[in-house]
Structure formats: C-alpha cells, structure tokens
$ cat entry24.cif   # mmCIF, C-alpha atoms
data_data
loop_
_atom_site.label_atom_id
_atom_site.label_comp_id
_atom_site.auth_asym_id
_atom_site.auth_seq_id
_atom_site.Cartn_x
_atom_site.Cartn_y
_atom_site.Cartn_z
CA MET A 291 168.14 104.33 125.46
CA ILE A 292 166.98 101.20 127.26
CA ALA A 293 163.76 101.77 129.18
CA VAL A 294 164.49 99.81 132.37
CA SER A 295 167.61 98.49 134.06
CA VAL A 296 166.70 95.61 136.37
CA ILE A 297 169.20 95.31 139.23
CA ILE A 298 169.45 92.05 141.18
CA PRO A 299 171.84 91.97 144.17
CA ALA A 300 172.76 88.40 145.08
CA PHE A 301 174.45 87.01 148.17
CA ASN A 302 174.44 83.22 148.61
CA SER A 303 171.31 83.08 146.48
CA ALA A 304 171.95 79.82 144.63
CA PRO A 305 168.56 78.24 145.47
CA PHE A 306 166.58 81.22 144.12
CA ILE A 307 168.63 83.25 141.64
CA ALA A 308 167.59 81.33 138.50
CA ASP A 309 163.89 81.76 139.27
CA ALA A 310 164.38 85.47 139.99
CA VAL A 311 166.07 86.03 136.63
CA LYS A 312 163.44 83.91 134.88
CA SER A 313 160.66 86.07 136.33
CA VAL A 314 162.32 89.09 134.69
CA MET A 315 162.78 87.34 131.36
CA GLU A 316 159.06 86.50 131.33
CA GLN A 317 158.01 90.16 131.55
CA THR A 318 155.47 91.29 128.98
CA TRP A 319 157.36 94.59 128.74
CA ARG A 320 160.47 93.67 126.77
CA ASP A 321 162.63 96.82 126.75
CA PHE A 322 164.95 96.11 129.66
CA GLU A 323 168.43 94.96 130.65
CA VAL A 324 169.32 92.70 133.58
CA ILE A 325 172.22 93.49 135.89
CA VAL A 326 173.20 90.96 138.56
CA VAL A 327 175.68 91.98 141.26
CA ASN A 328 177.22 89.07 143.15
CA ASP A 329 177.93 90.45 146.64
CA GLY A 330 180.75 88.06 147.54
CA SER A 331 178.71 84.86 147.54
CA THR A 332 180.40 81.72 148.86
CA ASP A 333 177.86 79.26 147.45
CA ASP A 334 177.00 78.29 143.85
CA THR A 335 175.33 81.59 142.93
CA GLU A 336 177.85 82.36 140.17
CA LYS A 337 177.66 78.83 138.77
CA ARG A 338 173.85 78.98 138.61
CA LEU A 339 174.02 82.32 136.79
CA ARG A 340 176.48 81.04 134.21
CA GLN A 341 174.16 78.14 133.47
CA LEU A 342 171.33 80.49 132.50
CA ASP A 343 170.58 81.10 128.86
CA ALA A 344 169.79 84.75 129.37
CA PRO A 345 171.47 88.08 128.52
CA ILE A 346 172.84 89.28 131.85
CA SER A 347 175.38 91.94 132.74
CA TYR A 348 177.28 90.35 135.61
CA TYR A 349 179.38 92.09 138.27
CA LYS A 350 181.10 90.66 141.30
CA GLN A 351 182.35 92.43 144.41
CA GLU A 352 183.62 91.55 147.85
CA ASN A 353 180.85 91.17 150.40
CA LYS A 354 179.99 94.81 151.12
CA GLY A 355 176.24 94.56 151.62
CA VAL A 356 173.10 94.95 149.57
CA ALA A 357 173.25 98.77 149.51
CA THR A 358 176.65 98.79 147.82
CA ALA A 359 175.59 96.01 145.46
CA ARG A 360 172.50 97.92 144.31
CA ASN A 361 174.54 101.09 143.89
CA LEU A 362 177.09 99.26 141.73
CA GLY A 363 174.28 98.01 139.53
CA ALA A 364 172.83 101.52 139.24
CA TYR A 365 176.19 103.04 138.31
CA ASN A 366 176.46 100.57 135.41
CA ALA A 367 172.83 100.87 134.33
CA ARG A 368 171.89 102.23 130.91
CA GLY A 369 168.15 102.48 131.48
CA GLU A 370 166.01 105.56 132.03
CA TRP A 371 164.36 103.69 134.89
CA LEU A 372 165.79 101.46 137.62
CA ALA A 373 163.92 98.47 139.01
CA PHE A 374 165.25 96.43 141.91
CA LEU A 375 164.62 92.74 142.49
CA ASP A 376 165.99 90.88 145.50
CA ALA A 377 167.40 87.51 144.45
CA ASP A 378 164.89 85.50 146.47
CA ASP A 379 161.82 87.41 145.20
CA LEU A 380 159.85 87.02 141.97
CA TRP A 381 157.95 89.36 139.67
CA TYR A 382 154.60 88.67 138.11
CA PRO A 383 154.85 88.87 134.28
CA ASN A 384 153.01 92.21 134.09
CA LYS A 385 155.09 94.01 136.75
CA LEU A 386 157.00 96.37 134.47
CA ALA A 387 154.12 96.83 132.03
CA VAL A 388 151.70 97.94 134.74
CA GLN A 389 154.12 100.38 136.30
CA LEU A 390 155.41 101.84 133.04
CA SER A 391 151.88 102.26 131.68
CA GLY A 392 151.22 104.78 134.42
CA ALA A 393 154.67 106.33 134.38
CA SER A 394 155.03 110.02 133.68
CA ASP A 395 157.87 112.12 132.31
CA THR A 396 157.27 114.73 134.99
CA ILE A 397 158.99 114.85 138.37
CA SER A 398 155.75 113.75 140.03
CA GLY A 399 155.96 110.50 138.10
CA GLY A 400 159.46 109.46 139.07
CA PHE A 401 158.75 106.74 141.65
CA TYR A 402 156.28 103.86 141.58
CA TYR A 403 155.76 100.90 143.87
CA SER A 404 153.12 98.24 144.40
CA ASP A 405 151.70 95.74 146.83
CA MET A 406 153.06 92.20 146.89
CA ASP A 407 152.06 88.65 147.74
CA GLY A 408 153.94 86.78 150.45
CA ILE A 409 155.29 83.34 149.53
CA SER A 410 157.11 80.62 151.47
CA GLU A 411 160.63 79.40 150.77
CA SER A 412 159.16 76.76 148.45
CA GLY A 413 157.09 79.36 146.59
CA ARG A 414 153.72 78.57 148.18
CA LEU A 415 151.37 81.54 148.52
CA ILE A 416 151.10 82.61 152.16
CA GLN A 417 149.22 85.87 151.91
CA SER A 418 147.86 88.08 149.16
CA ARG A 419 148.41 91.84 149.25
CA ILE A 420 150.69 91.64 152.23
CA LEU A 421 151.31 95.40 152.49
CA ALA A 422 147.61 96.27 152.64
CA HIS A 423 147.17 93.63 155.31
CA ARG A 424 150.04 95.03 157.38
CA LEU A 425 148.61 98.53 157.10
CA LYS A 426 145.34 97.34 158.64
CA ARG A 427 147.26 95.78 161.54
CA GLN A 428 149.31 98.88 162.31
CA PRO A 429 148.24 100.21 165.70
CA ARG A 430 146.77 103.70 165.87
CA LYS A 431 148.91 105.17 168.61
CA ARG A 432 148.80 108.50 170.38
CA TYR A 433 152.22 109.30 168.95
CA ALA A 434 152.87 109.50 165.22
CA ASN A 435 153.74 106.23 163.54
CA LEU A 436 157.13 106.46 161.82
CA LEU A 437 155.82 104.78 158.65
CA GLU A 438 153.05 107.35 158.34
CA THR A 439 155.49 110.15 159.09
CA ALA A 440 157.88 109.00 156.36
CA PHE A 441 155.32 107.74 153.82
CA GLY A 442 152.01 109.53 154.24
CA ASN A 443 149.93 106.47 153.38
CA GLY A 444 151.88 104.30 155.84
CA ILE A 445 152.68 101.71 153.15
CA PHE A 446 156.39 100.93 152.93
CA PRO A 447 158.03 100.55 149.47
CA TYR A 448 159.80 97.18 149.46
CA PRO A 449 162.72 97.31 147.00
CA SER A 450 161.44 94.51 144.74
CA THR A 451 158.26 96.53 144.11
CA VAL A 452 160.01 99.79 143.19
CA LEU A 453 160.45 101.47 139.81
CA ILE A 454 162.40 104.74 140.02
CA LYS A 455 163.80 107.21 137.51
CA ARG A 456 167.58 106.77 137.33
CA ASP A 457 168.10 110.53 137.58
CA ILE A 458 166.07 110.75 140.78
CA PHE A 459 167.95 107.81 142.29
CA PHE A 460 171.26 109.59 141.85
CA GLN A 461 169.86 112.98 142.83
CA ALA A 462 168.76 111.38 146.12
CA GLY A 463 172.26 109.96 146.63
CA GLY A 464 171.63 106.23 146.22
CA PHE A 465 171.64 103.68 149.02
CA ASN A 466 173.63 104.45 152.17
CA SER A 467 176.36 101.79 152.45
CA ARG A 468 176.79 102.42 156.19
CA PHE A 469 173.76 100.24 156.87
CA ARG A 470 174.78 96.68 157.69
CA ASN A 471 173.19 93.74 155.87
CA ASN A 472 169.72 94.20 154.41
CA TYR A 473 168.14 96.34 157.11
CA HIS A 474 166.78 99.92 156.88
CA GLU A 475 168.97 101.02 153.95
CA ASP A 476 165.83 101.09 151.78
CA PHE A 477 163.69 103.00 154.29
CA GLU A 478 166.37 105.68 154.57
CA LEU A 479 166.76 106.15 150.82
CA TRP A 480 163.03 106.31 150.12
CA THR A 481 162.65 109.13 152.68
CA ARG A 482 165.27 111.11 150.75
CA VAL A 483 163.50 110.33 147.49
CA ALA A 484 160.22 111.52 149.02
CA ARG A 485 161.79 114.99 149.36
CA LEU A 486 162.19 115.04 145.57
CA CYS A 487 158.98 113.49 144.23
CA PRO A 488 155.78 111.71 145.33
CA LEU A 489 155.93 107.97 146.00
CA ASN A 490 153.12 106.59 143.84
CA PHE A 491 151.54 103.39 145.20
CA ASN A 492 149.63 100.81 143.16
CA PRO A 493 147.53 98.46 145.36
CA THR A 494 147.89 95.61 142.85
CA SER A 495 150.28 92.83 143.84
CA LEU A 496 153.03 92.80 141.22
CA VAL A 497 155.68 90.92 143.23
CA ARG A 498 155.99 87.64 145.07
CA TYR A 499 157.99 88.36 148.21
CA ARG A 500 159.67 85.41 149.90
CA VAL A 501 158.87 85.84 153.59
CA PRO A 502 161.98 85.05 155.69
CA LEU A 503 161.40 82.39 158.33
CA ASN A 504 164.32 83.33 160.56
CA LYS A 505 166.45 86.40 161.06
CA THR A 506 170.16 86.11 160.36
CA ALA A 507 172.32 84.69 163.12
CA ASN A 508 173.89 88.03 164.05
CA PHE A 509 170.65 90.03 163.77
CA GLU A 510 170.58 91.09 167.42
CA SER A 511 174.16 92.36 167.27
CA TRP A 512 173.48 95.00 164.61
CA LYS A 513 169.75 95.74 164.58
CA ASP A 514 170.00 98.54 167.19
CA GLU A 515 173.05 99.96 165.41
CA ASN A 516 171.12 100.18 162.13
CA TRP A 517 168.03 101.55 163.86
CA LEU A 518 170.03 104.31 165.55
CA LEU A 519 171.75 105.12 162.24
CA LEU A 520 168.35 105.33 160.54
CA LEU A 521 166.97 107.73 163.14
CA ASN A 522 170.01 109.99 162.92
CA CYS A 523 169.82 109.98 159.11
CA LEU A 524 166.13 110.85 159.23
CA ARG A 525 166.85 113.67 161.64
CA GLU A 526 169.27 115.13 159.09
CA THR A 527 166.90 114.57 156.15
CA TRP A 528 164.00 116.20 158.00
CA LYS A 529 165.90 118.98 159.77
CA ASP A 530 163.95 121.66 157.92
CA LEU A 531 160.55 119.98 158.40
CA PRO A 532 159.24 121.00 161.85
CA GLU A 533 156.32 118.56 161.73
CA LYS A 534 158.55 115.47 161.53
CA PRO A 535 160.83 115.44 164.64
CA ALA A 536 158.14 114.49 167.19
CA ALA A 537 157.84 110.97 165.78
CA LEU A 538 161.63 110.65 165.72
CA GLU A 539 161.98 111.64 169.39
CA ARG A 540 159.49 108.96 170.36
CA CYS A 541 161.49 106.40 168.35
CA PHE A 542 164.75 107.43 170.01
CA ALA A 543 163.06 107.06 173.39
CA LYS A 544 161.68 103.62 172.56
CA LEU A 545 165.10 102.42 171.37
CA TYR A 546 166.94 103.53 174.51
CA SER A 547 164.17 102.32 176.79
CA ASN A 548 164.18 98.86 175.20
CA GLN A 549 167.95 98.71 175.59
CA GLY A 550 167.49 99.67 179.23
CA LYS A 551 164.92 96.91 179.61
CA SER A 552 167.51 94.38 178.45
CA PHE A 553 169.98 95.61 181.07
CA LEU A 554 167.22 95.52 183.68
CA ARG A 555 166.48 91.90 182.79
CA ASN A 556 170.20 91.10 183.17
CA ARG A 557 170.31 92.87 186.56
CA GLU A 558 172.68 95.55 185.33
CA TYR A 559 170.71 98.29 187.06
CA SER A 560 173.17 101.17 186.71
CA GLU A 561 173.45 100.62 182.95
CA ALA A 562 169.68 100.21 182.67
CA ARG A 563 169.06 103.56 184.40
CA LYS A 564 171.55 105.25 182.08
CA HIS A 565 169.48 104.14 179.09
CA PHE A 566 166.19 105.05 180.76
CA ARG A 567 167.67 108.51 181.36
CA GLN A 568 168.62 108.78 177.68
CA ALA A 569 165.09 107.77 176.70
CA SER A 570 163.65 110.42 179.01
CA GLN A 571 165.74 113.12 177.32
CA HIS A 572 163.95 112.36 174.06
CA SER A 573 160.46 111.79 175.45
CA PRO A 574 160.08 112.84 179.12
CA PHE A 575 156.53 111.53 179.45
CA TYR A 576 156.99 108.13 177.79
CA SER A 577 155.05 106.19 180.43
CA LYS A 578 156.51 102.76 179.72
CA ASN A 579 160.03 104.10 180.16
CA LEU A 580 159.09 105.82 183.44
CA ARG A 581 157.62 102.57 184.80
CA ARG A 582 160.74 100.60 183.85
CA TRP A 583 162.95 103.27 185.37
CA GLY A 584 160.99 103.17 188.62
CA LEU A 585 161.05 99.37 188.66
CA SER A 586 164.87 99.43 188.57
CA TYR A 587 164.87 100.92 192.09
CA ILE A 588 162.54 98.35 193.72
CA PRO A 589 164.69 95.35 194.76
CA GLY A 590 161.99 92.69 195.08
CA LEU A 591 160.10 93.54 191.91
CA ARG A 592 163.18 94.03 189.76
CA LEU A 593 164.51 90.60 190.77
CA LEU A 594 161.14 89.01 190.00
CA TYR A 595 161.04 90.84 186.67
CA SER A 596 164.52 89.60 185.76
CA HIS A 597 163.66 86.02 186.73
CA ILE A 598 160.40 85.86 184.79
CA LYS A 599 161.70 87.71 181.73
CA SER A 600 164.60 85.25 181.55
CA ASN A 601 162.33 82.22 181.80
CA ARG A 602 159.81 82.12 178.98
CA ALA A 603 158.02 79.18 180.56
CA PHE A 604 156.45 81.67 182.97
CA SER A 605 153.76 84.18 182.22
CA MET A 606 153.85 87.61 183.80
CA PRO A 607 150.35 89.15 183.86
CA ARG A 608 151.33 91.53 186.69
CA PHE A 609 154.01 93.20 184.59
CA LYS A 610 151.84 93.17 181.49
CA ARG A 611 149.23 95.14 183.42
CA LEU A 612 151.95 97.58 184.44
CA GLY A 613 153.00 97.91 180.80
CA VAL A 614 156.68 97.04 181.32
#

$ encode --input "entry24.cif" --output "structure tokens"
Amino acid sequence: MIAVSVIIPAFNSAPFIADAVKSVMEQTWRDFEVIVVNDGSTDDTEKRLRQLDAPISYYKQENKGVATARNLGAYNARGEWLAFLDADDLWYPNKLAVQLSGASDTISGGFYYSDMDGISESGRLIQSRILAHRLKRQPRKRYANLLETAFGNGIFPYPSTVLIKRDIFFQAGGFNSRFRNNYHEDFELWTRVARLCPLNFNPTSLVRYRVPLNKTANFESWKDENWLLLLNCLRETWKDLPEKPAALERCFAKLYSNQGKSFLRNREYSEARKHFRQASQHSPFYSKNLRRWGLSYIPGLRLLYSHIKSNRAFSMPRFKRLGV
C-alpha cells in the first residue's frame, strides 16, 4: 500500500499549480501518490498540469467547491494516509517526513498538523509561524473562544498542514459539500475528527501558506450563510457534550446582532430589531446587542449612527465608547 495520498484541489490555479506539485515532488519522504482534482477551472490550470513531467492522477469535475474536490480525491486515494495541499500553497521538503516520523498506528496517532509560514502572492516570506502568532493575538474574552472550544489548544488546523489516516477521514464523513467556496468546511470536519482522535500539533512550520490579499467578490453574500451552517453543524456534533453549547450560543448571538447592526446602519429599524431579538434569545445578556437594540429606538442617535457608519471618512469615538 502507498503510504500517503497527496490531494490537491485546483480551481483557476494556473499561476501556482506547478509550484505546488513541485513542492510535493521534492519531498524527502518518497512513498506517496499525487492526486489533482480540477474543480471546473476556466483558466489554464489543466494545460499547466499537462506540461508537468510528474506522475499525477488527474480528475476533473464541474465547479462544485473545494469540499467536493477534496472528497473526490480521497475516494480515489490508495494511501494509508491523506495529506491535503491547496493549489496556491507550498510544502517544505521535510513536511511528510517530519509528520510520518511521529505517526502512530494507534487511534491517538491518526491526525497531525503543523504551523506554517505566511507568504505573499509572489512567494515572499511575510511571517514565520503564523499560527503561533495568531494564537498570541487571540483575545481572552469572558465567553469561551470558539477555536479553544473546538480545538483545545486554540490552534486551527489549516488543510495544507494536515496529515490524516484515510480510515479516520471516512469514519468522520469527509468534507461537508454544503459549505460554499473555501470557507468553514475544514473547521467543521476537524471538529468531527476531534470526536474520534486527538489532533496532534507540531509547532514547526512545514508549509508555506499564501496569504490572500482580498476576499472573493461575492464573499459578503455567503459568509453569514456558511457561518450559520457551521454553527448548526457544530450544535449537532456537540449535542451530547454539555460543556460546548455555551460558546455556540454566544456565536449565534454575535451573528444575529451583527446582521442587525447592518440593518440599523441602513435605517431598516424593524428588521434590525428582529435580529437583535434573535440574538437575545441565544444570549440575553450580550451587552453589545442590548446597546444596539436600545439605540434603534432613539431617533437622533440612530440617524447619527447610520450616517457615520456609512461614511468611513468620519470617526465615531462616542459610539466606540458605547461599544456599538
């Protein structure tokens, strides 16, 4: 049996796909196969792949999203382990060797991930050990942080850093294809995996992660939809874990309150109050939501809030002090 199946989902990845594949071919651990799934690219991704002098198993599908693409690769994998690499990321040559050297045949050794270095679009190093840095910046809030609730150490497993037993991947159910684009489908799967085995973290940077400069054009249209789907999926995954729901309720409240804030800014006060009411049902004492809700009833202040929030040239220290 092959040791590792490397799965690379690719959508309009022509500028980066050759370098991604090359970073796999340069691995010091040699027992692997490479599976590339073209997720309906409309650029030269396929042409660039065919120009490579490398043994690749190639699959092509209509554009169905990264979750479906990764699942297709996993279904066709022959390896004992699965490793995922996004088409715009790169591995350091020792990535597989380091992770497999510590791998165990027991259930407790079925999932490994590492830190990563952030790079620019051109490949310039932006930040070393980006996950450790983000962990230090995470605010210590009164309410449980969702990252810490899901992953006890608070360090999120980015797909390109992950090595997972194929059996555990399928036992967990694979990626959820209901998530749109590349957003939260990984978080949701890893929480299901965490019910099956520990998520073992290596603080060494084994991946170069290409930091996106801009969100996709339709990001705002589906980010709340994915976030709500994630919270509902986590509620189902954690339904028998009484210590988890408190963090989820706070997240539901924050989502609805932020949506209400947008309606408040657009002077749609009835719709804003409806969302503030929904937020209150999840977290009755969420102070920021209560302040926004109250503000929606004060004509002068709510108009001023709408005007200043819609004009970024202004500062609004009064509202910052109020926490709205």

$ closest_residue --input "entry24.cif" --among "A:Met291, A:Asn466, A:Pro383, A:Asp395" --to "Gly355 (chain A)" --atoms "all atoms listed in the file"
A:Asn466

$ residues_around --input "entry24.cif" --residues "Asn492 (chain A)" --least-positions-apart "4" --cutoff "7 Å" --atoms "all atoms listed in the file" --output "ChimeraX atom specification"
/A:403-405

$ write_last_selection --input "entry24.cif" --atoms "C-alpha atoms" --output "PDB file, in the frame of the given file"
ATOM      1  CA  TYR A 403     155.760 100.900 143.870  1.00  0.00           C
ATOM      2  CA  SER A 404     153.120  98.240 144.400  1.00  0.00           C
ATOM      3  CA  ASP A 405     151.700  95.740 146.830  1.00  0.00           C
TER       4      ASP A 405
END

$ resolve_selection --input "entry24.cif" --expression "the PyMOL selection byres ((chain A and resi 352) around 10)" --output "list in words"
Asn328, Asp329, Gly330, Ser331, Lys350, Gln351, Asn353, Lys354, Gly355 and Ala359 of chain A

$ residues_around --input "entry24.cif" --residues "Asp407 (chain A)" --least-positions-apart "4" --cutoff "8 Å" --atoms "all atoms listed in the file" --output "MDAnalysis selection string"
chainID A and resid 415:420 495:499

$ resolve_selection --input "entry24.cif" --expression "the PyMOL selection byres ((chain A and resi 476) around 10)" --output "count of residues only"
19

$ atom_distance --input "entry24.cif" --atom1 "CA of Arg563 (chain A)" --atom2 "CA of Gly590 (chain A)"
16.8 Å

$ resolve_selection --input "entry24.cif" --expression "the PyMOL selection byres ((chain A and resi 488) around 8)" --output "PyMOL selection string"
chain A and resi 398-401+484-487+489-490

$ closest_residue --input "entry24.cif" --among "A:Lys385, A:Arg456, A:Lys578, A:Arg340" --to "Asn366 (chain A)" --atoms "all atoms listed in the file"
A:Arg456

$ atom_distance --input "entry24.cif" --atom1 "CA of Thr335 (chain A)" --atom2 "CA of Arg500 (chain A)"
17.6 Å

$ closest_residue --input "entry24.cif" --among "A:Asp309, A:Glu323, A:Asp343, A:Glu533" --to "Ser412 (chain A)" --atoms "only C-alpha atoms"
A:Asp309

$ closest_residue --input "entry24.cif" --among "A:Ile454, A:Leu421, A:Ala569, A:Ala393" --to "Val296 (chain A)" --atoms "only C-alpha atoms"
A:Ile454

$ closest_residue --input "entry24.cif" --among "A:Lys312, A:Arg368, A:Arg320, A:Arg360" --to "Leu386 (chain A)" --atoms "only C-alpha atoms"
A:Arg320

$ closest_residue --input "entry24.cif" --among "A:Phe575, A:Phe491, A:Trp583, A:Phe460" --to "Met406 (chain A)" --atoms "all atoms listed in the file"
A:Phe491

$ residues_around --input "entry24.cif" --residues "Ala367 (chain A)" --least-positions-apart "4" --cutoff "8 Å" --atoms "all atoms listed in the file" --output "PyMOL selection string"
chain A and resi 295+325+363+372

$ atom_distance --input "entry24.cif" --atom1 "CA of Leu437 (chain A)" --atom2 "CA of Leu580 (chain A)"
25.0 Å

$ residues_around --input "entry24.cif" --residues "Val314 (chain A)" --least-positions-apart "6" --cutoff "12 Å" --atoms "all atoms listed in the file" --output "PyMOL selection string"
chain A and resi 294-298+307-308+320-326+344-346+373-377+379-387+450+496-497

$ decode --input "entry24.cif" --residues "region 330-356 of chain A" --atoms "N, CA and C atoms" --output "compact mmCIF listing (two decimals), in the first residue's frame"
# COMPACT_ATOMS: atom_id res chain seq x y z
N GLY A 330 -13.43 22.46 -12.06
CA GLY A 330 -14.10 23.28 -13.06
C GLY A 330 -13.38 24.56 -13.40
N SER A 331 -12.06 24.52 -13.44
CA SER A 331 -11.28 25.73 -13.76
C SER A 331 -11.61 26.24 -15.16
N THR A 332 -11.56 27.57 -15.31
CA THR A 332 -11.78 28.19 -16.61
C THR A 332 -10.51 28.84 -17.14
N ASP A 333 -9.40 28.68 -16.43
CA ASP A 333 -8.13 29.25 -16.88
C ASP A 333 -7.24 28.12 -17.42
N ASP A 334 -5.93 28.30 -17.38
CA ASP A 334 -5.00 27.33 -17.97
C ASP A 334 -4.51 26.29 -16.97
N THR A 335 -5.27 26.04 -15.91
CA THR A 335 -4.83 25.07 -14.90
C THR A 335 -4.54 23.71 -15.53
N GLU A 336 -5.45 23.20 -16.34
CA GLU A 336 -5.26 21.88 -16.94
C GLU A 336 -4.04 21.87 -17.86
N LYS A 337 -3.86 22.92 -18.63
CA LYS A 337 -2.72 23.00 -19.54
C LYS A 337 -1.40 22.97 -18.76
N ARG A 338 -1.34 23.72 -17.67
CA ARG A 338 -0.13 23.76 -16.85
C ARG A 338 0.17 22.37 -16.26
N LEU A 339 -0.87 21.65 -15.86
CA LEU A 339 -0.68 20.32 -15.29
C LEU A 339 -0.14 19.35 -16.34
N ARG A 340 -0.67 19.43 -17.55
CA ARG A 340 -0.24 18.51 -18.60
C ARG A 340 1.19 18.78 -19.04
N GLN A 341 1.69 19.96 -18.76
CA GLN A 341 3.06 20.30 -19.11
C GLN A 341 4.07 19.77 -18.09
N LEU A 342 3.57 19.32 -16.93
CA LEU A 342 4.47 18.87 -15.88
C LEU A 342 4.98 17.46 -16.16
N ASP A 343 6.24 17.27 -15.89
CA ASP A 343 6.84 15.94 -16.01
C ASP A 343 6.80 15.29 -14.64
N ALA A 344 5.60 14.90 -14.24
CA ALA A 344 5.42 14.33 -12.90
C ALA A 344 4.26 13.34 -12.93
N PRO A 345 4.37 12.24 -12.18
CA PRO A 345 3.29 11.25 -12.13
C PRO A 345 2.11 11.78 -11.31
N ILE A 346 1.03 12.11 -11.99
CA ILE A 346 -0.13 12.70 -11.33
C ILE A 346 -1.38 11.94 -11.75
N SER A 347 -2.21 11.62 -10.78
CA SER A 347 -3.56 11.12 -11.08
C SER A 347 -4.46 12.34 -11.18
N TYR A 348 -5.08 12.53 -12.33
CA TYR A 348 -5.80 13.77 -12.61
C TYR A 348 -7.29 13.49 -12.77
N TYR A 349 -8.10 14.30 -12.06
CA TYR A 349 -9.56 14.19 -12.15
C TYR A 349 -10.12 15.58 -12.39
N LYS A 350 -11.22 15.61 -13.11
CA LYS A 350 -11.85 16.90 -13.41
C LYS A 350 -13.35 16.79 -13.13
N GLN A 351 -13.89 17.81 -12.50
CA GLN A 351 -15.31 17.86 -12.20
C GLN A 351 -15.85 19.25 -12.50
N GLU A 352 -17.16 19.36 -12.60
CA GLU A 352 -17.78 20.68 -12.67
C GLU A 352 -17.47 21.42 -11.38
N ASN A 353 -17.56 22.74 -11.44
CA ASN A 353 -17.24 23.54 -10.26
C ASN A 353 -18.27 23.28 -9.14
N LYS A 354 -17.85 22.47 -8.16
CA LYS A 354 -18.72 22.11 -7.05
C LYS A 354 -18.15 22.53 -5.71
N GLY A 355 -16.97 23.12 -5.72
CA GLY A 355 -16.38 23.59 -4.47
C GLY A 355 -15.26 22.70 -3.97
N VAL A 356 -14.46 23.28 -3.10
CA VAL A 356 -13.25 22.61 -2.62
C VAL A 356 -13.57 21.38 -1.79
